[in-house]
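**Q** This is model13.txt (compact mmCIF, N, CA and C atoms).
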# COMPACT_ATOMS: atom_id res chain seq x y z
N MET A 146 0.83 -1.19 0.00
CA MET A 146 0.00 0.00 0.00
C MET A 146 0.88 1.25 0.00
N GLU A 147 0.58 2.15 -0.90
CA GLU A 147 1.34 3.39 -1.03
C GLU A 147 1.07 4.32 0.16
N LYS A 148 2.14 4.84 0.75
CA LYS A 148 2.01 5.80 1.85
C LYS A 148 1.99 7.20 1.27
N THR A 149 0.85 7.90 1.45
CA THR A 149 0.69 9.24 0.90
C THR A 149 0.48 10.24 2.02
N GLY A 150 1.17 11.36 1.93
CA GLY A 150 0.97 12.47 2.84
C GLY A 150 0.58 13.70 2.06
N ILE A 151 -0.07 14.64 2.76
CA ILE A 151 -0.38 15.92 2.13
C ILE A 151 0.26 17.03 2.96
N PHE A 152 0.62 18.09 2.27
CA PHE A 152 1.15 19.30 2.89
C PHE A 152 0.34 20.43 2.27
N VAL A 153 -0.49 21.08 3.09
CA VAL A 153 -1.42 22.07 2.55
C VAL A 153 -1.12 23.47 3.07
N GLY A 154 -1.45 24.45 2.25
CA GLY A 154 -1.28 25.83 2.67
C GLY A 154 -1.62 26.79 1.55
N THR A 155 -1.61 28.06 1.89
CA THR A 155 -1.82 29.09 0.88
C THR A 155 -0.56 29.24 0.03
N PHE A 156 0.60 29.17 0.69
CA PHE A 156 1.89 29.24 0.01
C PHE A 156 2.00 30.48 -0.87
N ASP A 157 1.74 31.64 -0.26
CA ASP A 157 1.77 32.91 -0.99
C ASP A 157 2.75 33.88 -0.34
N PRO A 158 4.05 33.70 -0.60
CA PRO A 158 4.70 32.76 -1.49
C PRO A 158 5.16 31.50 -0.75
N PHE A 159 5.61 30.52 -1.53
CA PHE A 159 6.21 29.30 -1.02
C PHE A 159 7.63 29.66 -0.60
N THR A 160 7.94 29.50 0.68
CA THR A 160 9.21 29.97 1.23
C THR A 160 10.22 28.84 1.43
N ILE A 161 11.41 29.22 1.86
CA ILE A 161 12.42 28.22 2.18
C ILE A 161 12.00 27.39 3.39
N GLY A 162 11.15 27.95 4.23
CA GLY A 162 10.60 27.17 5.35
C GLY A 162 9.68 26.07 4.84
N HIS A 163 8.82 26.39 3.89
CA HIS A 163 7.96 25.36 3.28
C HIS A 163 8.81 24.29 2.60
N ASP A 164 9.81 24.73 1.86
CA ASP A 164 10.69 23.80 1.17
C ASP A 164 11.37 22.85 2.16
N SER A 165 11.78 23.37 3.30
CA SER A 165 12.41 22.54 4.32
C SER A 165 11.46 21.45 4.81
N ILE A 166 10.20 21.81 5.03
CA ILE A 166 9.21 20.82 5.47
C ILE A 166 9.01 19.76 4.40
N VAL A 167 8.91 20.17 3.15
CA VAL A 167 8.74 19.21 2.05
C VAL A 167 9.92 18.26 1.99
N ARG A 168 11.12 18.79 1.99
CA ARG A 168 12.32 17.95 1.84
C ARG A 168 12.50 17.01 3.03
N ARG A 169 12.17 17.47 4.23
CA ARG A 169 12.33 16.64 5.42
C ARG A 169 11.22 15.60 5.56
N SER A 170 10.05 15.87 5.00
CA SER A 170 8.96 14.90 5.11
C SER A 170 8.94 13.88 3.97
N LEU A 171 9.54 14.22 2.84
CA LEU A 171 9.49 13.35 1.67
C LEU A 171 9.99 11.92 1.94
N PRO A 172 11.06 11.73 2.72
CA PRO A 172 11.50 10.36 2.98
C PRO A 172 10.48 9.49 3.73
N LEU A 173 9.48 10.11 4.32
CA LEU A 173 8.46 9.37 5.07
C LEU A 173 7.37 8.78 4.18
N PHE A 174 7.29 9.23 2.93
CA PHE A 174 6.18 8.87 2.07
C PHE A 174 6.63 8.36 0.71
N ASP A 175 5.73 7.59 0.09
CA ASP A 175 5.92 7.19 -1.30
C ASP A 175 5.47 8.32 -2.21
N ARG A 176 4.53 9.12 -1.71
CA ARG A 176 3.93 10.20 -2.50
C ARG A 176 3.56 11.34 -1.55
N LEU A 177 3.93 12.55 -1.92
CA LEU A 177 3.58 13.74 -1.14
C LEU A 177 2.82 14.70 -2.05
N VAL A 178 1.60 15.03 -1.64
CA VAL A 178 0.78 15.95 -2.42
C VAL A 178 0.79 17.31 -1.73
N ILE A 179 1.24 18.31 -2.45
CA ILE A 179 1.22 19.68 -1.92
C ILE A 179 -0.10 20.29 -2.38
N GLY A 180 -0.96 20.55 -1.41
CA GLY A 180 -2.28 21.12 -1.69
C GLY A 180 -2.24 22.63 -1.55
N VAL A 181 -2.47 23.32 -2.63
CA VAL A 181 -2.43 24.78 -2.65
C VAL A 181 -3.86 25.30 -2.52
N VAL A 182 -4.10 26.08 -1.47
CA VAL A 182 -5.43 26.64 -1.26
C VAL A 182 -5.85 27.39 -2.50
N GLY A 183 -7.05 27.09 -2.99
CA GLY A 183 -7.56 27.71 -4.21
C GLY A 183 -7.91 29.17 -4.04
N ASP A 184 -8.46 29.73 -5.09
CA ASP A 184 -8.77 31.15 -5.12
C ASP A 184 -10.01 31.54 -4.32
N ASN A 185 -10.55 30.60 -3.54
CA ASN A 185 -11.76 30.90 -2.78
C ASN A 185 -11.48 31.57 -1.44
N VAL A 186 -10.22 31.75 -1.07
CA VAL A 186 -9.90 32.37 0.22
C VAL A 186 -10.09 33.88 0.14
N GLN A 187 -10.46 34.47 1.23
CA GLN A 187 -10.72 35.91 1.29
C GLN A 187 -9.50 36.65 1.80
N LYS A 188 -8.42 36.58 1.06
CA LYS A 188 -7.20 37.31 1.43
C LYS A 188 -6.97 38.36 0.35
N PRO A 189 -6.92 39.62 0.74
CA PRO A 189 -6.70 40.66 -0.27
C PRO A 189 -5.34 40.51 -0.94
N GLY A 190 -5.35 40.65 -2.26
CA GLY A 190 -4.10 40.64 -3.00
C GLY A 190 -3.43 39.28 -3.13
N ILE A 191 -4.14 38.20 -2.88
CA ILE A 191 -3.53 36.87 -2.96
C ILE A 191 -3.17 36.57 -4.42
N THR A 192 -2.02 35.98 -4.61
CA THR A 192 -1.57 35.57 -5.94
C THR A 192 -2.50 34.46 -6.43
N PRO A 193 -2.91 34.49 -7.68
CA PRO A 193 -3.79 33.42 -8.18
C PRO A 193 -3.20 32.03 -7.92
N ALA A 194 -4.08 31.09 -7.58
CA ALA A 194 -3.65 29.73 -7.25
C ALA A 194 -2.81 29.11 -8.36
N GLU A 195 -3.19 29.34 -9.61
CA GLU A 195 -2.45 28.74 -10.72
C GLU A 195 -0.99 29.20 -10.74
N GLU A 196 -0.74 30.46 -10.43
CA GLU A 196 0.64 30.97 -10.38
C GLU A 196 1.41 30.34 -9.22
N ARG A 197 0.76 30.24 -8.06
CA ARG A 197 1.43 29.63 -6.91
C ARG A 197 1.75 28.17 -7.19
N MET A 198 0.81 27.47 -7.83
CA MET A 198 1.02 26.06 -8.15
C MET A 198 2.14 25.88 -9.17
N GLN A 199 2.18 26.74 -10.19
CA GLN A 199 3.23 26.64 -11.21
C GLN A 199 4.62 26.82 -10.60
N ALA A 200 4.74 27.77 -9.68
CA ALA A 200 6.04 28.01 -9.04
C ALA A 200 6.49 26.78 -8.25
N ILE A 201 5.56 26.15 -7.54
CA ILE A 201 5.90 24.97 -6.74
C ILE A 201 6.20 23.78 -7.66
N CYS A 202 5.41 23.60 -8.71
CA CYS A 202 5.66 22.52 -9.69
C CYS A 202 7.05 22.66 -10.29
N HIS A 203 7.42 23.88 -10.64
CA HIS A 203 8.74 24.13 -11.22
C HIS A 203 9.84 23.72 -10.24
N LEU A 204 9.66 24.07 -8.98
CA LEU A 204 10.65 23.77 -7.95
C LEU A 204 10.89 22.27 -7.81
N TYR A 205 9.82 21.48 -7.91
CA TYR A 205 9.94 20.04 -7.70
C TYR A 205 9.77 19.22 -8.98
N ALA A 206 10.02 19.83 -10.11
CA ALA A 206 9.86 19.15 -11.40
C ALA A 206 10.69 17.86 -11.48
N HIS A 207 11.79 17.83 -10.78
CA HIS A 207 12.70 16.67 -10.81
C HIS A 207 12.29 15.55 -9.85
N GLU A 208 11.25 15.77 -9.04
CA GLU A 208 10.87 14.80 -8.01
C GLU A 208 9.51 14.18 -8.33
N PRO A 209 9.51 12.96 -8.87
CA PRO A 209 8.25 12.33 -9.29
C PRO A 209 7.30 11.97 -8.15
N ARG A 210 7.81 11.93 -6.93
CA ARG A 210 6.94 11.58 -5.79
C ARG A 210 6.11 12.76 -5.30
N ILE A 211 6.40 13.96 -5.81
CA ILE A 211 5.67 15.16 -5.38
C ILE A 211 4.67 15.55 -6.45
N GLU A 212 3.43 15.78 -6.01
CA GLU A 212 2.37 16.31 -6.87
C GLU A 212 1.88 17.61 -6.26
N VAL A 213 1.46 18.52 -7.10
CA VAL A 213 0.92 19.80 -6.65
C VAL A 213 -0.49 19.93 -7.19
N LYS A 214 -1.44 20.15 -6.27
CA LYS A 214 -2.85 20.22 -6.67
C LYS A 214 -3.56 21.32 -5.89
N PRO A 215 -4.61 21.89 -6.49
CA PRO A 215 -5.40 22.87 -5.73
C PRO A 215 -6.29 22.15 -4.74
N TYR A 216 -6.61 22.83 -3.64
CA TYR A 216 -7.58 22.23 -2.75
C TYR A 216 -8.49 23.30 -2.17
N TYR A 217 -9.70 22.84 -1.86
CA TYR A 217 -10.75 23.72 -1.34
C TYR A 217 -11.40 22.98 -0.16
N GLY A 218 -11.77 23.69 0.85
CA GLY A 218 -12.47 23.04 1.96
C GLY A 218 -11.53 22.54 3.03
N LEU A 219 -11.92 21.46 3.68
CA LEU A 219 -11.17 20.91 4.80
C LEU A 219 -9.97 20.09 4.33
N ALA A 220 -8.87 20.22 5.05
CA ALA A 220 -7.67 19.45 4.72
C ALA A 220 -7.93 17.95 4.81
N VAL A 221 -8.75 17.52 5.78
CA VAL A 221 -9.03 16.08 5.90
C VAL A 221 -9.80 15.57 4.70
N ASP A 222 -10.69 16.39 4.14
CA ASP A 222 -11.41 15.97 2.93
C ASP A 222 -10.45 15.87 1.75
N PHE A 223 -9.52 16.81 1.67
CA PHE A 223 -8.50 16.75 0.62
C PHE A 223 -7.64 15.50 0.81
N ALA A 224 -7.25 15.23 2.06
CA ALA A 224 -6.45 14.03 2.35
C ALA A 224 -7.18 12.78 1.87
N ARG A 225 -8.45 12.67 2.22
CA ARG A 225 -9.23 11.50 1.80
C ARG A 225 -9.29 11.40 0.28
N SER A 226 -9.49 12.53 -0.40
CA SER A 226 -9.60 12.51 -1.86
C SER A 226 -8.30 12.06 -2.52
N GLN A 227 -7.19 12.23 -1.82
CA GLN A 227 -5.88 11.85 -2.35
C GLN A 227 -5.42 10.48 -1.84
N GLY A 228 -6.26 9.84 -1.02
CA GLY A 228 -5.88 8.55 -0.44
C GLY A 228 -4.78 8.68 0.59
N ALA A 229 -4.69 9.85 1.22
CA ALA A 229 -3.65 10.13 2.21
C ALA A 229 -4.16 9.90 3.62
N HIS A 230 -3.30 9.35 4.46
CA HIS A 230 -3.64 9.15 5.87
C HIS A 230 -2.82 10.08 6.77
N PHE A 231 -2.06 10.97 6.14
CA PHE A 231 -1.20 11.86 6.92
C PHE A 231 -1.25 13.28 6.38
N ILE A 232 -1.35 14.22 7.32
CA ILE A 232 -1.23 15.65 7.00
C ILE A 232 0.06 16.12 7.65
N VAL A 233 0.93 16.72 6.86
CA VAL A 233 2.21 17.24 7.36
C VAL A 233 2.04 18.73 7.61
N LYS A 234 2.47 19.18 8.79
CA LYS A 234 2.40 20.60 9.14
C LYS A 234 3.74 21.03 9.72
N GLY A 235 4.14 22.24 9.41
CA GLY A 235 5.35 22.82 9.98
C GLY A 235 4.97 23.66 11.19
N VAL A 236 5.84 23.62 12.20
CA VAL A 236 5.60 24.36 13.44
C VAL A 236 6.83 25.21 13.74
N ARG A 237 6.62 26.54 13.85
CA ARG A 237 7.73 27.46 14.10
C ARG A 237 7.83 27.90 15.55
N SER A 238 6.71 27.83 16.28
CA SER A 238 6.69 28.39 17.64
C SER A 238 5.68 27.64 18.50
N ALA A 239 5.67 27.99 19.79
CA ALA A 239 4.68 27.40 20.70
C ALA A 239 3.27 27.78 20.27
N LYS A 240 3.10 28.99 19.76
CA LYS A 240 1.79 29.43 19.27
C LYS A 240 1.34 28.56 18.10
N ASP A 241 2.24 28.32 17.14
CA ASP A 241 1.94 27.42 16.02
C ASP A 241 1.58 26.03 16.53
N PHE A 242 2.37 25.55 17.51
CA PHE A 242 2.15 24.21 18.03
C PHE A 242 0.74 24.06 18.60
N GLU A 243 0.33 25.01 19.43
CA GLU A 243 -1.01 24.93 20.04
C GLU A 243 -2.10 24.94 18.98
N TYR A 244 -1.97 25.81 18.00
CA TYR A 244 -2.97 25.87 16.93
C TYR A 244 -3.02 24.54 16.17
N GLU A 245 -1.86 24.04 15.77
CA GLU A 245 -1.81 22.80 14.99
C GLU A 245 -2.22 21.59 15.82
N ARG A 246 -1.91 21.59 17.11
CA ARG A 246 -2.33 20.49 17.99
C ARG A 246 -3.85 20.42 18.06
N GLU A 247 -4.49 21.58 18.21
CA GLU A 247 -5.96 21.60 18.26
C GLU A 247 -6.56 21.12 16.94
N GLN A 248 -5.99 21.58 15.83
CA GLN A 248 -6.47 21.13 14.52
C GLN A 248 -6.29 19.62 14.36
N ALA A 249 -5.15 19.12 14.79
CA ALA A 249 -4.87 17.68 14.68
C ALA A 249 -5.87 16.87 15.52
N ASP A 250 -6.17 17.35 16.72
CA ASP A 250 -7.14 16.66 17.57
C ASP A 250 -8.51 16.59 16.91
N ILE A 251 -8.97 17.71 16.36
CA ILE A 251 -10.27 17.74 15.70
C ILE A 251 -10.26 16.85 14.46
N ASN A 252 -9.19 16.93 13.67
CA ASN A 252 -9.09 16.10 12.47
C ASN A 252 -9.14 14.62 12.82
N ARG A 253 -8.46 14.24 13.90
CA ARG A 253 -8.47 12.85 14.33
C ARG A 253 -9.88 12.44 14.73
N LEU A 254 -10.59 13.32 15.43
CA LEU A 254 -11.96 13.03 15.87
C LEU A 254 -12.91 12.87 14.68
N ILE A 255 -12.85 13.82 13.74
CA ILE A 255 -13.83 13.77 12.65
C ILE A 255 -13.53 12.70 11.61
N THR A 256 -12.29 12.17 11.63
CA THR A 256 -11.95 11.09 10.70
C THR A 256 -11.88 9.75 11.42
N HIS A 257 -12.23 9.75 12.70
CA HIS A 257 -12.17 8.51 13.51
C HIS A 257 -10.78 7.88 13.45
N GLY A 258 -9.77 8.73 13.49
CA GLY A 258 -8.38 8.26 13.49
C GLY A 258 -7.83 7.88 12.14
N GLU A 259 -8.61 8.11 11.10
CA GLU A 259 -8.21 7.74 9.74
C GLU A 259 -7.09 8.63 9.20
N VAL A 260 -7.06 9.89 9.65
CA VAL A 260 -6.05 10.84 9.18
C VAL A 260 -5.26 11.35 10.38
N GLU A 261 -3.96 11.17 10.32
CA GLU A 261 -3.07 11.57 11.40
C GLU A 261 -2.29 12.80 10.96
N THR A 262 -1.95 13.68 11.89
CA THR A 262 -1.16 14.87 11.58
C THR A 262 0.26 14.69 12.10
N LEU A 263 1.22 14.97 11.26
CA LEU A 263 2.62 14.94 11.65
C LEU A 263 3.13 16.37 11.74
N LEU A 264 3.63 16.75 12.89
CA LEU A 264 4.15 18.09 13.09
C LEU A 264 5.67 18.05 13.01
N LEU A 265 6.22 18.84 12.10
CA LEU A 265 7.67 18.95 11.97
C LEU A 265 8.09 20.32 12.47
N LEU A 266 9.03 20.33 13.38
CA LEU A 266 9.53 21.60 13.91
C LEU A 266 10.39 22.29 12.86
N ALA A 267 10.22 23.58 12.77
CA ALA A 267 11.04 24.37 11.84
C ALA A 267 12.50 24.26 12.23
N GLU A 268 13.36 24.26 11.23
CA GLU A 268 14.78 24.34 11.52
C GLU A 268 15.02 25.69 12.19
N PRO A 269 15.88 25.73 13.22
CA PRO A 269 16.05 26.97 14.00
C PRO A 269 16.30 28.22 13.15
N GLN A 270 17.11 28.10 12.11
CA GLN A 270 17.42 29.26 11.28
C GLN A 270 16.25 29.71 10.42
N LEU A 271 15.17 28.90 10.37
CA LEU A 271 14.01 29.24 9.55
C LEU A 271 12.77 29.59 10.37
N ALA A 272 12.91 29.58 11.69
CA ALA A 272 11.77 29.75 12.57
C ALA A 272 11.06 31.10 12.42
N SER A 273 11.72 32.09 11.89
CA SER A 273 11.10 33.41 11.71
C SER A 273 10.64 33.66 10.29
N VAL A 274 10.85 32.71 9.41
CA VAL A 274 10.48 32.88 8.01
C VAL A 274 9.01 32.50 7.82
N SER A 275 8.24 33.43 7.29
CA SER A 275 6.84 33.16 7.00
C SER A 275 6.46 33.86 5.70
N SER A 276 5.40 33.37 5.09
CA SER A 276 4.91 34.02 3.86
C SER A 276 4.50 35.46 4.15
N SER A 277 3.87 35.68 5.30
CA SER A 277 3.43 37.03 5.67
C SER A 277 4.62 37.98 5.75
N MET A 278 5.69 37.51 6.39
CA MET A 278 6.89 38.34 6.52
C MET A 278 7.47 38.64 5.15
N VAL A 279 7.51 37.64 4.28
CA VAL A 279 8.07 37.84 2.93
C VAL A 279 7.21 38.84 2.15
N ARG A 280 5.89 38.70 2.24
CA ARG A 280 5.00 39.65 1.54
C ARG A 280 5.22 41.07 2.06
N GLU A 281 5.38 41.24 3.37
CA GLU A 281 5.57 42.58 3.93
C GLU A 281 6.89 43.18 3.48
N LEU A 282 7.96 42.40 3.53
CA LEU A 282 9.26 42.90 3.08
C LEU A 282 9.22 43.28 1.60
N ARG A 283 8.55 42.43 0.81
CA ARG A 283 8.41 42.70 -0.63
C ARG A 283 7.64 44.01 -0.84
N HIS A 284 6.58 44.21 -0.06
CA HIS A 284 5.77 45.43 -0.15
C HIS A 284 6.62 46.68 0.04
N PHE A 285 7.62 46.58 0.93
CA PHE A 285 8.47 47.73 1.20
C PHE A 285 9.72 47.76 0.31
N GLY A 286 9.70 46.95 -0.75
CA GLY A 286 10.75 47.03 -1.75
C GLY A 286 12.03 46.29 -1.43
N LEU A 287 12.04 45.45 -0.41
CA LEU A 287 13.25 44.72 -0.07
C LEU A 287 13.40 43.48 -0.94
N ASP A 288 14.62 43.07 -1.14
CA ASP A 288 14.92 41.84 -1.88
C ASP A 288 14.62 40.67 -0.98
N VAL A 289 13.69 39.83 -1.38
CA VAL A 289 13.27 38.68 -0.54
C VAL A 289 13.80 37.36 -1.08
N SER A 290 14.69 37.40 -2.08
CA SER A 290 15.13 36.18 -2.74
C SER A 290 15.77 35.18 -1.77
N ARG A 291 16.41 35.63 -0.71
CA ARG A 291 17.04 34.68 0.21
C ARG A 291 16.02 33.89 1.03
N PHE A 292 14.74 34.32 1.00
CA PHE A 292 13.68 33.61 1.73
C PHE A 292 12.88 32.69 0.83
N LEU A 293 13.22 32.66 -0.46
CA LEU A 293 12.50 31.85 -1.43
C LEU A 293 13.43 30.76 -1.96
N PRO A 294 12.89 29.55 -2.17
CA PRO A 294 13.77 28.47 -2.67
C PRO A 294 14.16 28.68 -4.12
Can the structure in the file be given as structure tokens, please?

**A**
Amino acid sequence: MEKTGIFVGTFDPFTIGHDSIVRRSLPLFDRLVIGVVGDNVQKPGITPAEERMQAICHLYAHEPRIEVKPYYGLAVDFARSQGAHFIVKGVRSAKDFEYEREQADINRLITHGEVETLLLLAEPQLASVSSSMVRELRHFGLDVSRFLP
């Protein structure tokens, strides 16, 4: 049986922190699906999903075990649609941990244990890197290339 995990997010933009989570989780799975939140989110100025997906596809073009797909709705529903029993999440801080722990508990309850969440701690040098931070720095005209894979 193929072991499939999903890694979901808005990824606007996909950062070196996201890349770290993908690269560190890939050895755990036969297949990793990166689920890019579709254009249905209410975030002002969000980059169209197709552009975000193309950038991620380009980054992992050499890795056949990685697929990039849009997703809408609950992560557990996306996991089920992909035949995945694992959701991979990155955690940068205690605040992130508490939020993700609560989500994992609810996901476990509503799937009757069918979908498990794996929390990967951010590498220390990446703990402050976030898409929000990158968007803000970009807004003020700073070069953000060192935060992008």

**Q** Please, what distance in Å, to one decimal, runs between CA of Arg237 (chain A) and atom N of Leu173 (chain A)?

**A**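 For CA of Arg237 (chain A) relative to atom N of Leu173 (chain A), the distance reads 20.0 Å.
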
**Q** So for region 193-197 of chain A, what box centre and size do we get, axis-aligned, 4 Å extra on each of the six sides, every listed atom, Å to one decimal, as AutoDock Vina command-line options?

**A**
--center_x -1.2 --center_y 31.3 --center_z -8.8 --size_x 13.8 --size_y 14.3 --size_z 11.8

**Q** Hey, can you check how far CA of Val213 (chain A) sits from atom C of Ile179 (chain A)?

**A**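 Between CA of Val213 (chain A) and atom C of Ile179 (chain A) the gap works out to 4.4 Å.
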
**Q** Which of these residues is nearest to Ser238 (chain A), using only C-alpha atoms: A:Val274, A:Ile191, A:Ala224, A:Ile166?

**A**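 So, comparing all the options, the nearest one is A:Val274.
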
**Q** Counting all atoms listed in the file, select every polymer residue within 8 Å of (4.0, 34.3, 0.0) as defined in the file's coordinates, and provide the selection as an MDAnalysis selection string.

**A** chainID A and resid 155:160 192 275:281

**Q** Measuring between all atoms listed in the file, which one of A:Ala200, A:Ala229, A:Ile211, A:Leu264 shows the shortest distance to Glu245 (chain A)?

**A**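 Ranking A:Ala200, A:Ala229, A:Ile211, A:Leu264 by distance to Glu245 (chain A), first place goes to A:Leu264.
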
**Q** What gap, in Å, lies between atom C of Glu268 (chain A) and atom N of Lys240 (chain A)?

**A**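 So the answer is 14.5 Å.
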
**Q** Given all atoms listed in the file as the basis, pick out the residue of A:Glu208, A:Arg197, A:Pro215, A:Ser165 nearest to Gly180 (chain A).

**A**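 Using all atoms listed in the file, Gly180 (chain A) sits closest to A:Pro215.
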
**Q** Using DSSP secondary structure from the backbone, list all helix (DSSP H, G or I) positions within region 190-243 of chain A, as a list of chain:residue names.

**A**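 Helix (DSSP H, G or I) members of region 190-243 of chain A, listed: A:Ala194, A:Glu195, A:Glu196, A:Arg197, A:Met198, A:Gln199, A:Ala200, A:Ile201, A:Cys202, A:His203, A:Leu204, A:Ala220, A:Val221, A:Asp222, A:Phe223, A:Ala224, A:Arg225, A:Ser226, A:Ala239, A:Lys240, A:Asp241, A:Phe242, A:Glu243.
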
**Q** My list of candidates is A:Val260, A:Val167, A:Leu282, A:Leu287. Which is closest to Ser226 (chain A) when distances are computed with only C-alpha atoms?

**A**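 For Ser226 (chain A), the nearest of the candidates is A:Val260.
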
**Q** Quick one: residues within 8 Å of Asp184 (chain A), all atoms listed in the file counted, chain neighbours fewer than 3 positions away excluded, as a list in words?

**A** Val181, Gln187, Lys188, Ile191, Thr192, Pro193, Ala194, Glu195, Pro215, Tyr216 and Tyr217 of chain A

**Q** Looking at A:Ile161, A:Val289, A:Ile151, A:Leu204, which one is nearest to Glu261 (chain A), with distances taken over only C-alpha atoms?

**A**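 Closest to Glu261 (chain A) of all the choices is A:Ile151.
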
**Q** Name the closest residue to Val182 (chain A) among the candidates A:Leu219, A:Met146, A:Leu293, A:Ala206; distances are taken between atoms, counting only C-alpha atoms.

**A**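 Distance minimum relative to Val182 (chain A) lands on A:Leu219.
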
**Q** What parts of region 171-256 of chain A does DSSP call strand (DSSP E or B)? I'd like the answer as an MDAnalysis selection string.

**A** chainID A and resid 176:182 211:216 231:236

**Q** Only C-alpha atoms, please: region 173-225 of chain A from the block, as a JSON list (two decimals), in the first residue's frame.

**A**
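Heads up, here's the output in out-v8.json:
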[["chain", "number", "residue", "atom", "x", "y", "z"],
["A", 173, "LEU", "CA", 8.46, 9.37, 5.07],
["A", 174, "PHE", "CA", 6.18, 8.87, 2.07],
["A", 175, "ASP", "CA", 5.92, 7.19, -1.30],
["A", 176, "ARG", "CA", 3.93, 10.20, -2.50],
["A", 177, "LEU", "CA", 3.58, 13.74, -1.14],
["A", 178, "VAL", "CA", 0.78, 15.95, -2.42],
["A", 179, "ILE", "CA", 1.22, 19.68, -1.92],
["A", 180, "GLY", "CA", -2.28, 21.12, -1.69],
["A", 181, "VAL", "CA", -2.43, 24.78, -2.65],
["A", 182, "VAL", "CA", -5.43, 26.64, -1.26],
["A", 183, "GLY", "CA", -7.56, 27.71, -4.21],
["A", 184, "ASP", "CA", -8.77, 31.15, -5.12],
["A", 185, "ASN", "CA", -11.76, 30.90, -2.78],
["A", 186, "VAL", "CA", -9.90, 32.37, 0.22],
["A", 187, "GLN", "CA", -10.72, 35.91, 1.29],
["A", 188, "LYS", "CA", -7.20, 37.31, 1.43],
["A", 189, "PRO", "CA", -6.70, 40.66, -0.27],
["A", 190, "GLY", "CA", -4.10, 40.64, -3.00],
["A", 191, "ILE", "CA", -3.53, 36.87, -2.96],
["A", 192, "THR", "CA", -1.57, 35.57, -5.94],
["A", 193, "PRO", "CA", -3.79, 33.42, -8.18],
["A", 194, "ALA", "CA", -3.65, 29.73, -7.25],
["A", 195, "GLU", "CA", -2.45, 28.74, -10.72],
["A", 196, "GLU", "CA", 0.64, 30.97, -10.38],
["A", 197, "ARG", "CA", 1.43, 29.63, -6.91],
["A", 198, "MET", "CA", 1.02, 26.06, -8.15],
["A", 199, "GLN", "CA", 3.23, 26.64, -11.21],
["A", 200, "ALA", "CA", 6.04, 28.01, -9.04],
["A", 201, "ILE", "CA", 5.90, 24.97, -6.74],
["A", 202, "CYS", "CA", 5.66, 22.52, -9.69],
["A", 203, "HIS", "CA", 8.74, 24.13, -11.22],
["A", 204, "LEU", "CA", 10.65, 23.77, -7.95],
["A", 205, "TYR", "CA", 9.94, 20.04, -7.70],
["A", 206, "ALA", "CA", 9.86, 19.15, -11.40],
["A", 207, "HIS", "CA", 12.70, 16.67, -10.81],
["A", 208, "GLU", "CA", 10.87, 14.80, -8.01],
["A", 209, "PRO", "CA", 8.25, 12.33, -9.29],
["A", 210, "ARG", "CA", 6.94, 11.58, -5.79],
["A", 211, "ILE", "CA", 5.67, 15.16, -5.38],
["A", 212, "GLU", "CA", 2.37, 16.31, -6.87],
["A", 213, "VAL", "CA", 0.92, 19.80, -6.65],
["A", 214, "LYS", "CA", -2.85, 20.22, -6.67],
["A", 215, "PRO", "CA", -5.40, 22.87, -5.73],
["A", 216, "TYR", "CA", -7.58, 22.23, -2.75],
["A", 217, "TYR", "CA", -10.75, 23.72, -1.34],
["A", 218, "GLY", "CA", -12.47, 23.04, 1.96],
["A", 219, "LEU", "CA", -11.17, 20.91, 4.80],
["A", 220, "ALA", "CA", -7.67, 19.45, 4.72],
["A", 221, "VAL", "CA", -9.03, 16.08, 5.90],
["A", 222, "ASP", "CA", -11.41, 15.97, 2.93],
["A", 223, "PHE", "CA", -8.50, 16.75, 0.62],
["A", 224, "ALA", "CA", -6.45, 14.03, 2.35],
["A", 225, "ARG", "CA", -9.23, 11.50, 1.80]]
